[in-house]
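Everything below belongs to structure.txt, which stores compact mmCIF, N, CA and C atoms.
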```txt
# COMPACT_ATOMS: atom_id res chain seq x y z
N LEU A 1 -14.71 -22.15 0.63
CA LEU A 1 -15.97 -21.42 0.59
C LEU A 1 -17.11 -22.39 0.34
N MET A 2 -18.29 -21.99 0.74
CA MET A 2 -19.44 -22.89 0.70
C MET A 2 -20.17 -22.88 -0.65
N ILE A 3 -19.79 -22.03 -1.56
CA ILE A 3 -20.46 -21.96 -2.86
C ILE A 3 -20.18 -23.25 -3.64
N GLN A 4 -21.23 -23.91 -4.11
CA GLN A 4 -21.08 -25.17 -4.83
C GLN A 4 -21.24 -25.01 -6.34
N SER A 5 -22.09 -24.10 -6.76
CA SER A 5 -22.43 -23.93 -8.16
C SER A 5 -21.24 -23.43 -8.98
N GLU A 6 -20.83 -24.21 -9.98
CA GLU A 6 -19.73 -23.80 -10.85
C GLU A 6 -20.10 -22.55 -11.64
N LYS A 7 -21.37 -22.41 -11.97
CA LYS A 7 -21.83 -21.22 -12.71
C LYS A 7 -21.61 -19.96 -11.88
N VAL A 8 -21.95 -20.03 -10.61
CA VAL A 8 -21.75 -18.89 -9.71
C VAL A 8 -20.26 -18.63 -9.52
N LYS A 9 -19.48 -19.69 -9.32
CA LYS A 9 -18.04 -19.54 -9.10
C LYS A 9 -17.33 -18.92 -10.29
N ALA A 10 -17.88 -19.08 -11.48
CA ALA A 10 -17.26 -18.53 -12.69
C ALA A 10 -17.78 -17.13 -13.04
N ASP A 11 -18.78 -16.67 -12.32
CA ASP A 11 -19.40 -15.37 -12.61
C ASP A 11 -18.46 -14.23 -12.21
N TYR A 12 -18.32 -13.24 -13.10
CA TYR A 12 -17.39 -12.13 -12.84
C TYR A 12 -17.76 -11.37 -11.57
N VAL A 13 -19.04 -11.13 -11.35
CA VAL A 13 -19.46 -10.37 -10.16
C VAL A 13 -19.01 -11.11 -8.89
N TYR A 14 -19.22 -12.41 -8.86
CA TYR A 14 -18.78 -13.21 -7.71
C TYR A 14 -17.26 -13.13 -7.55
N LEU A 15 -16.53 -13.32 -8.64
CA LEU A 15 -15.06 -13.29 -8.59
C LEU A 15 -14.54 -11.93 -8.14
N GLY A 16 -15.17 -10.88 -8.65
CA GLY A 16 -14.76 -9.53 -8.27
C GLY A 16 -14.94 -9.27 -6.78
N TRP A 17 -16.10 -9.66 -6.26
CA TRP A 17 -16.34 -9.47 -4.83
C TRP A 17 -15.46 -10.37 -3.97
N LEU A 18 -15.21 -11.58 -4.46
CA LEU A 18 -14.33 -12.49 -3.72
C LEU A 18 -12.91 -11.91 -3.67
N ALA A 19 -12.44 -11.41 -4.79
CA ALA A 19 -11.10 -10.79 -4.83
C ALA A 19 -11.04 -9.60 -3.88
N ARG A 20 -12.08 -8.78 -3.92
CA ARG A 20 -12.12 -7.61 -3.04
C ARG A 20 -12.13 -8.04 -1.57
N CYS A 21 -12.87 -9.08 -1.23
CA CYS A 21 -12.88 -9.59 0.15
C CYS A 21 -11.50 -10.09 0.57
N TYR A 22 -10.85 -10.81 -0.32
CA TYR A 22 -9.50 -11.27 -0.01
C TYR A 22 -8.57 -10.09 0.27
N ILE A 23 -8.63 -9.09 -0.59
CA ILE A 23 -7.74 -7.93 -0.45
C ILE A 23 -8.04 -7.18 0.85
N MET A 24 -9.30 -6.94 1.13
CA MET A 24 -9.68 -6.19 2.33
C MET A 24 -9.35 -6.97 3.61
N ASN A 25 -9.20 -8.28 3.50
CA ASN A 25 -8.83 -9.12 4.64
C ASN A 25 -7.35 -9.48 4.63
N ARG A 26 -6.57 -8.68 3.93
CA ARG A 26 -5.11 -8.82 3.88
C ARG A 26 -4.64 -10.16 3.33
N LYS A 27 -5.34 -10.65 2.30
CA LYS A 27 -4.94 -11.88 1.63
C LYS A 27 -4.85 -11.63 0.12
N PRO A 28 -4.01 -10.68 -0.30
CA PRO A 28 -3.96 -10.32 -1.72
C PRO A 28 -3.46 -11.45 -2.61
N ARG A 29 -2.66 -12.35 -2.07
CA ARG A 29 -2.17 -13.47 -2.87
C ARG A 29 -3.32 -14.30 -3.40
N LEU A 30 -4.35 -14.49 -2.59
CA LEU A 30 -5.51 -15.27 -3.02
C LEU A 30 -6.27 -14.57 -4.14
N ALA A 31 -6.34 -13.24 -4.08
CA ALA A 31 -6.97 -12.47 -5.16
C ALA A 31 -6.15 -12.62 -6.44
N TRP A 32 -4.82 -12.55 -6.31
CA TRP A 32 -3.94 -12.70 -7.46
C TRP A 32 -4.10 -14.09 -8.09
N GLU A 33 -4.23 -15.11 -7.25
CA GLU A 33 -4.42 -16.46 -7.76
C GLU A 33 -5.75 -16.61 -8.50
N LEU A 34 -6.78 -15.88 -8.04
CA LEU A 34 -8.05 -15.87 -8.78
C LEU A 34 -7.83 -15.35 -10.20
N TYR A 35 -7.07 -14.26 -10.31
CA TYR A 35 -6.78 -13.69 -11.63
C TYR A 35 -6.00 -14.69 -12.49
N LEU A 36 -5.00 -15.34 -11.91
CA LEU A 36 -4.16 -16.26 -12.68
C LEU A 36 -4.95 -17.43 -13.24
N LYS A 37 -6.05 -17.80 -12.60
CA LYS A 37 -6.87 -18.91 -13.07
C LYS A 37 -7.79 -18.51 -14.22
N GLN A 38 -7.90 -17.21 -14.49
CA GLN A 38 -8.83 -16.73 -15.51
C GLN A 38 -8.24 -16.86 -16.91
N GLU A 39 -9.12 -17.05 -17.87
CA GLU A 39 -8.71 -17.00 -19.27
C GLU A 39 -8.68 -15.53 -19.67
N THR A 40 -7.89 -15.20 -20.67
CA THR A 40 -7.79 -13.82 -21.11
C THR A 40 -9.13 -13.36 -21.68
N SER A 41 -9.65 -12.27 -21.10
CA SER A 41 -10.94 -11.73 -21.54
C SER A 41 -11.08 -10.32 -20.98
N SER A 42 -12.14 -9.65 -21.37
CA SER A 42 -12.38 -8.31 -20.82
C SER A 42 -12.67 -8.42 -19.31
N GLU A 43 -13.28 -9.53 -18.90
CA GLU A 43 -13.56 -9.71 -17.47
C GLU A 43 -12.28 -9.93 -16.67
N SER A 44 -11.32 -10.68 -17.23
CA SER A 44 -10.07 -10.89 -16.50
C SER A 44 -9.28 -9.56 -16.42
N PHE A 45 -9.40 -8.74 -17.47
CA PHE A 45 -8.76 -7.42 -17.47
C PHE A 45 -9.38 -6.55 -16.37
N SER A 46 -10.70 -6.60 -16.25
CA SER A 46 -11.39 -5.83 -15.20
C SER A 46 -11.00 -6.32 -13.81
N LEU A 47 -10.87 -7.64 -13.66
CA LEU A 47 -10.45 -8.21 -12.38
C LEU A 47 -9.04 -7.74 -12.04
N LEU A 48 -8.18 -7.69 -13.03
CA LEU A 48 -6.81 -7.21 -12.83
C LEU A 48 -6.81 -5.75 -12.39
N GLN A 49 -7.65 -4.93 -12.99
CA GLN A 49 -7.77 -3.52 -12.59
C GLN A 49 -8.24 -3.42 -11.14
N LEU A 50 -9.22 -4.23 -10.78
CA LEU A 50 -9.73 -4.23 -9.41
C LEU A 50 -8.62 -4.59 -8.43
N ILE A 51 -7.86 -5.64 -8.74
CA ILE A 51 -6.77 -6.08 -7.87
C ILE A 51 -5.71 -4.99 -7.75
N ALA A 52 -5.32 -4.40 -8.88
CA ALA A 52 -4.29 -3.36 -8.87
C ALA A 52 -4.71 -2.19 -7.99
N ASN A 53 -5.91 -1.70 -8.18
CA ASN A 53 -6.37 -0.52 -7.46
C ASN A 53 -6.71 -0.79 -6.00
N ASP A 54 -7.38 -1.91 -5.72
CA ASP A 54 -7.73 -2.20 -4.33
C ASP A 54 -6.49 -2.54 -3.50
N CYS A 55 -5.57 -3.28 -4.07
CA CYS A 55 -4.32 -3.56 -3.34
C CYS A 55 -3.57 -2.26 -3.06
N TYR A 56 -3.55 -1.37 -4.03
CA TYR A 56 -2.88 -0.07 -3.83
C TYR A 56 -3.52 0.68 -2.67
N LYS A 57 -4.86 0.75 -2.67
CA LYS A 57 -5.58 1.46 -1.61
C LYS A 57 -5.31 0.86 -0.23
N MET A 58 -5.12 -0.45 -0.19
CA MET A 58 -4.90 -1.14 1.08
C MET A 58 -3.41 -1.22 1.47
N GLY A 59 -2.54 -0.63 0.66
CA GLY A 59 -1.11 -0.64 0.97
C GLY A 59 -0.45 -1.98 0.72
N GLN A 60 -1.09 -2.82 -0.09
CA GLN A 60 -0.53 -4.13 -0.44
C GLN A 60 0.16 -3.97 -1.79
N PHE A 61 1.30 -3.29 -1.74
CA PHE A 61 1.94 -2.79 -2.95
C PHE A 61 2.57 -3.88 -3.82
N TYR A 62 2.95 -5.00 -3.25
CA TYR A 62 3.57 -6.06 -4.04
C TYR A 62 2.62 -6.55 -5.13
N TYR A 63 1.41 -6.91 -4.74
CA TYR A 63 0.45 -7.42 -5.73
C TYR A 63 -0.12 -6.30 -6.59
N SER A 64 -0.17 -5.11 -6.06
CA SER A 64 -0.58 -3.96 -6.86
C SER A 64 0.43 -3.73 -7.99
N ALA A 65 1.71 -3.77 -7.65
CA ALA A 65 2.77 -3.58 -8.67
C ALA A 65 2.70 -4.66 -9.73
N LYS A 66 2.51 -5.92 -9.31
CA LYS A 66 2.41 -7.02 -10.27
C LYS A 66 1.22 -6.81 -11.21
N ALA A 67 0.09 -6.41 -10.65
CA ALA A 67 -1.12 -6.22 -11.47
C ALA A 67 -0.95 -5.03 -12.41
N PHE A 68 -0.41 -3.92 -11.92
CA PHE A 68 -0.20 -2.77 -12.79
C PHE A 68 0.82 -3.08 -13.89
N ASP A 69 1.79 -3.93 -13.57
CA ASP A 69 2.78 -4.33 -14.58
C ASP A 69 2.10 -5.07 -15.73
N VAL A 70 1.24 -6.01 -15.40
CA VAL A 70 0.51 -6.75 -16.45
C VAL A 70 -0.40 -5.80 -17.22
N LEU A 71 -1.11 -4.93 -16.51
CA LEU A 71 -2.00 -3.98 -17.18
C LEU A 71 -1.23 -3.10 -18.16
N GLU A 72 -0.07 -2.62 -17.72
CA GLU A 72 0.73 -1.74 -18.58
C GLU A 72 1.21 -2.46 -19.83
N ARG A 73 1.53 -3.75 -19.69
CA ARG A 73 1.97 -4.50 -20.87
C ARG A 73 0.81 -4.78 -21.83
N LEU A 74 -0.40 -4.93 -21.28
CA LEU A 74 -1.57 -5.18 -22.13
C LEU A 74 -2.09 -3.90 -22.79
N ASP A 75 -1.94 -2.78 -22.09
CA ASP A 75 -2.46 -1.50 -22.57
C ASP A 75 -1.52 -0.39 -22.12
N PRO A 76 -0.86 0.30 -23.05
CA PRO A 76 0.14 1.30 -22.67
C PRO A 76 -0.45 2.61 -22.12
N ASN A 77 -1.54 2.52 -21.41
CA ASN A 77 -2.17 3.69 -20.79
C ASN A 77 -1.22 4.26 -19.73
N PRO A 78 -0.93 5.58 -19.77
CA PRO A 78 0.00 6.17 -18.78
C PRO A 78 -0.46 6.00 -17.33
N GLU A 79 -1.75 5.84 -17.11
CA GLU A 79 -2.23 5.64 -15.74
C GLU A 79 -1.71 4.34 -15.14
N TYR A 80 -1.49 3.33 -15.98
CA TYR A 80 -0.96 2.07 -15.47
C TYR A 80 0.50 2.24 -15.06
N TRP A 81 1.25 3.03 -15.81
CA TRP A 81 2.63 3.31 -15.42
C TRP A 81 2.64 4.05 -14.08
N GLU A 82 1.76 5.03 -13.93
CA GLU A 82 1.72 5.80 -12.69
C GLU A 82 1.37 4.91 -11.50
N GLY A 83 0.42 4.00 -11.69
CA GLY A 83 0.07 3.06 -10.63
C GLY A 83 1.22 2.14 -10.29
N LYS A 84 1.89 1.64 -11.33
CA LYS A 84 3.03 0.74 -11.11
C LYS A 84 4.16 1.47 -10.40
N ARG A 85 4.45 2.68 -10.84
CA ARG A 85 5.50 3.47 -10.20
C ARG A 85 5.18 3.69 -8.73
N GLY A 86 3.95 4.10 -8.43
CA GLY A 86 3.56 4.34 -7.04
C GLY A 86 3.62 3.07 -6.19
N ALA A 87 3.17 1.96 -6.76
CA ALA A 87 3.19 0.69 -6.02
C ALA A 87 4.64 0.24 -5.76
N CYS A 88 5.51 0.38 -6.75
CA CYS A 88 6.91 -0.01 -6.57
C CYS A 88 7.59 0.86 -5.52
N ILE A 89 7.31 2.16 -5.55
CA ILE A 89 7.92 3.05 -4.57
C ILE A 89 7.34 2.79 -3.18
N GLY A 90 6.03 2.51 -3.11
CA GLY A 90 5.42 2.15 -1.83
C GLY A 90 6.01 0.88 -1.25
N LEU A 91 6.24 -0.10 -2.11
CA LEU A 91 6.85 -1.35 -1.67
C LEU A 91 8.29 -1.12 -1.22
N PHE A 92 9.02 -0.28 -1.94
CA PHE A 92 10.39 0.07 -1.56
C PHE A 92 10.40 0.71 -0.17
N GLN A 93 9.45 1.61 0.08
CA GLN A 93 9.34 2.26 1.38
C GLN A 93 9.06 1.21 2.48
N GLN A 94 8.22 0.21 2.18
CA GLN A 94 7.93 -0.85 3.15
C GLN A 94 9.17 -1.70 3.42
N ILE A 95 9.99 -1.92 2.40
CA ILE A 95 11.24 -2.67 2.58
C ILE A 95 12.18 -1.89 3.50
N ILE A 96 12.32 -0.60 3.24
CA ILE A 96 13.19 0.24 4.07
C ILE A 96 12.72 0.23 5.53
N ALA A 97 11.41 0.27 5.73
CA ALA A 97 10.85 0.28 7.09
C ALA A 97 10.89 -1.09 7.75
N GLY A 98 11.29 -2.13 7.00
CA GLY A 98 11.38 -3.47 7.56
C GLY A 98 10.05 -4.23 7.57
N HIS A 99 9.06 -3.74 6.82
CA HIS A 99 7.75 -4.40 6.77
C HIS A 99 7.65 -5.43 5.65
N GLU A 100 8.57 -5.42 4.74
CA GLU A 100 8.63 -6.38 3.63
C GLU A 100 10.04 -6.94 3.57
N PRO A 101 10.21 -8.17 3.10
CA PRO A 101 11.57 -8.74 3.01
C PRO A 101 12.43 -7.98 2.00
N ARG A 102 13.69 -7.81 2.35
CA ARG A 102 14.62 -7.07 1.47
C ARG A 102 14.77 -7.74 0.10
N GLU A 103 14.61 -9.06 0.07
CA GLU A 103 14.78 -9.80 -1.18
C GLU A 103 13.75 -9.38 -2.24
N THR A 104 12.65 -8.79 -1.79
CA THR A 104 11.60 -8.34 -2.70
C THR A 104 12.11 -7.24 -3.62
N LEU A 105 13.17 -6.56 -3.22
CA LEU A 105 13.74 -5.48 -4.04
C LEU A 105 14.13 -5.97 -5.43
N ARG A 106 14.63 -7.21 -5.51
CA ARG A 106 14.98 -7.78 -6.82
C ARG A 106 13.78 -7.81 -7.75
N GLU A 107 12.64 -8.22 -7.20
CA GLU A 107 11.42 -8.30 -8.01
C GLU A 107 10.94 -6.91 -8.43
N ILE A 108 11.04 -5.94 -7.53
CA ILE A 108 10.64 -4.57 -7.88
C ILE A 108 11.46 -4.10 -9.07
N LEU A 109 12.76 -4.31 -9.01
CA LEU A 109 13.64 -3.86 -10.09
C LEU A 109 13.27 -4.55 -11.40
N ALA A 110 12.95 -5.82 -11.36
CA ALA A 110 12.54 -6.54 -12.57
C ALA A 110 11.24 -5.96 -13.12
N ILE A 111 10.29 -5.67 -12.25
CA ILE A 111 9.02 -5.09 -12.68
C ILE A 111 9.25 -3.72 -13.31
N LEU A 112 10.10 -2.92 -12.68
CA LEU A 112 10.38 -1.59 -13.22
C LEU A 112 11.07 -1.65 -14.59
N ARG A 113 11.92 -2.65 -14.77
CA ARG A 113 12.64 -2.76 -16.05
C ARG A 113 11.70 -3.11 -17.21
N ASN A 114 10.48 -3.56 -16.92
CA ASN A 114 9.52 -3.87 -17.98
C ASN A 114 8.89 -2.61 -18.59
N THR A 115 9.37 -1.45 -18.20
CA THR A 115 8.76 -0.18 -18.62
C THR A 115 9.70 0.59 -19.53
N GLY A 116 9.12 1.24 -20.49
CA GLY A 116 9.92 2.07 -21.39
C GLY A 116 9.97 3.53 -20.94
N ASN A 117 9.35 3.84 -19.81
CA ASN A 117 9.28 5.21 -19.33
C ASN A 117 10.66 5.72 -18.92
N ALA A 118 10.95 6.98 -19.22
CA ALA A 118 12.27 7.57 -18.95
C ALA A 118 12.56 7.70 -17.45
N GLN A 119 11.54 7.76 -16.63
CA GLN A 119 11.74 7.91 -15.18
C GLN A 119 12.33 6.67 -14.53
N VAL A 120 12.21 5.54 -15.21
CA VAL A 120 12.62 4.26 -14.63
C VAL A 120 14.08 4.25 -14.18
N GLU A 121 14.97 4.75 -15.01
CA GLU A 121 16.40 4.69 -14.69
C GLU A 121 16.72 5.45 -13.41
N TYR A 122 16.08 6.59 -13.21
CA TYR A 122 16.30 7.37 -12.00
C TYR A 122 15.84 6.59 -10.76
N ILE A 123 14.66 5.99 -10.85
CA ILE A 123 14.10 5.22 -9.72
C ILE A 123 14.99 4.01 -9.43
N ILE A 124 15.39 3.30 -10.47
CA ILE A 124 16.24 2.12 -10.30
C ILE A 124 17.58 2.50 -9.68
N ARG A 125 18.15 3.62 -10.12
CA ARG A 125 19.44 4.08 -9.58
C ARG A 125 19.34 4.32 -8.07
N ILE A 126 18.25 4.94 -7.62
CA ILE A 126 18.06 5.22 -6.19
C ILE A 126 17.92 3.90 -5.41
N MET A 127 17.14 2.98 -5.95
CA MET A 127 16.94 1.69 -5.27
C MET A 127 18.23 0.89 -5.19
N LYS A 128 19.00 0.90 -6.28
CA LYS A 128 20.27 0.17 -6.28
C LYS A 128 21.27 0.78 -5.30
N LYS A 129 21.29 2.11 -5.20
CA LYS A 129 22.19 2.78 -4.26
C LYS A 129 21.83 2.39 -2.83
N TRP A 130 20.54 2.39 -2.51
CA TRP A 130 20.12 1.98 -1.18
C TRP A 130 20.53 0.53 -0.92
N ALA A 131 20.32 -0.33 -1.91
CA ALA A 131 20.68 -1.74 -1.77
C ALA A 131 22.17 -1.89 -1.50
N LYS A 132 22.98 -1.16 -2.24
CA LYS A 132 24.43 -1.23 -2.05
C LYS A 132 24.82 -0.73 -0.66
N ASP A 133 24.24 0.40 -0.24
CA ASP A 133 24.55 0.98 1.07
C ASP A 133 24.10 0.07 2.22
N ASN A 134 23.11 -0.78 1.96
CA ASN A 134 22.56 -1.64 3.00
C ASN A 134 22.88 -3.11 2.80
N ARG A 135 23.83 -3.36 1.92
CA ARG A 135 24.32 -4.72 1.62
C ARG A 135 23.19 -5.68 1.25
N VAL A 136 22.33 -5.24 0.33
CA VAL A 136 21.25 -6.08 -0.17
C VAL A 136 21.60 -6.46 -1.60
N SER A 137 21.69 -7.75 -1.87
CA SER A 137 22.02 -8.22 -3.21
C SER A 137 20.81 -8.07 -4.13
N VAL A 138 21.03 -7.42 -5.29
CA VAL A 138 19.94 -7.23 -6.25
C VAL A 138 20.28 -7.85 -7.60
N THR A 139 21.34 -8.64 -7.64
CA THR A 139 21.71 -9.27 -8.91
C THR A 139 21.28 -10.72 -8.95
```
Reformat the file's structure so that it appears as structure tokens.
Amino acid sequence: LMIQSEKVKADYVYLGWLARCYIMNRKPRLAWELYLKQETSSESFSLLQLIANDCYKMGQFYYSAKAFDVLERLDPNPEYWEGKRGACIGLFQQIIAGHEPRETLREILAILRNTGNAQVEYIIRIMKKWAKDNRVSVT
């Protein structure tokens, strides 16, 4: 990018719009990397929320699930569990349809196991059954 000023590059408004541009242009990994470079702060938390929600809206469920997982660990708000659950199930659906690599299922299961919600076991059981029926290793 052509921005030279370090002050501008560190500004939350700039970072938020840059992350949103990456996501809307199907480059969610770059938005995630922006978040990873941030120090822990209320602004990095807001950036994480933006990534989680915008990736979800764009059907980029892998990075949405990762972001909602971090949000849920930082704040046990039930909305973060609901976002994470939806993103994991959306990603599972993309795997079944052949739009995402089957190996990603291992990561989904790991993300889901980070939750204390009672629904997790049911979701994991369904995913593991599909994996077994389709000869996908999840161990």
Checklist entry - Which of these residues is nearest to Asn114 (chain A), using all atoms listed in the file: A:Glu72, A:Thr40, A:Met2, A:Gln93? => result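 The closest residue to Asn114 (chain A) is A:Glu72.
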Next on the checklist: Measuring between all atoms listed in the file, which one of A:Leu112, A:Leu15, A:Ile23, A:Ala10 shows the shortest distance to Asp69 (chain A)?
Outcome noted: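 Distance minimum relative to Asp69 (chain A) lands on A:Leu112.
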Item to check | Atomic distance CA of Phe61 (chain A) - CA of Lys128 (chain A), expressed in Å with one decimal | outcome: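 Distance reported for this atom pair: 18.9 Å.
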Size and centre in Å, one decimal, axis-aligned box, all listed region 8-24 of chain A atoms plus 6 Å per side, as AutoDock Vina command-line options:
```
--center_x -14.8 --center_y -13.1 --center_z -4.7 --size_x 26.2 --size_y 25.8 --size_z 28.7
```
Next on the checklist: When you count only N, CA and C atoms, which of these residues is closest to Cys55 (chain A): A:Met24, A:Leu109, A:Leu74, A:Leu36?
Outcome noted: A:Met24
Checklist entry - Do you know which residues are at most 12 Å from Cys21 (chain A) counting only C-alpha atoms, after dropping those on the same chain fewer than 4 positions away, and could you put them as a ChimeraX atom specification? => result /A:14-17,25-31,34,50-51,54-55,58
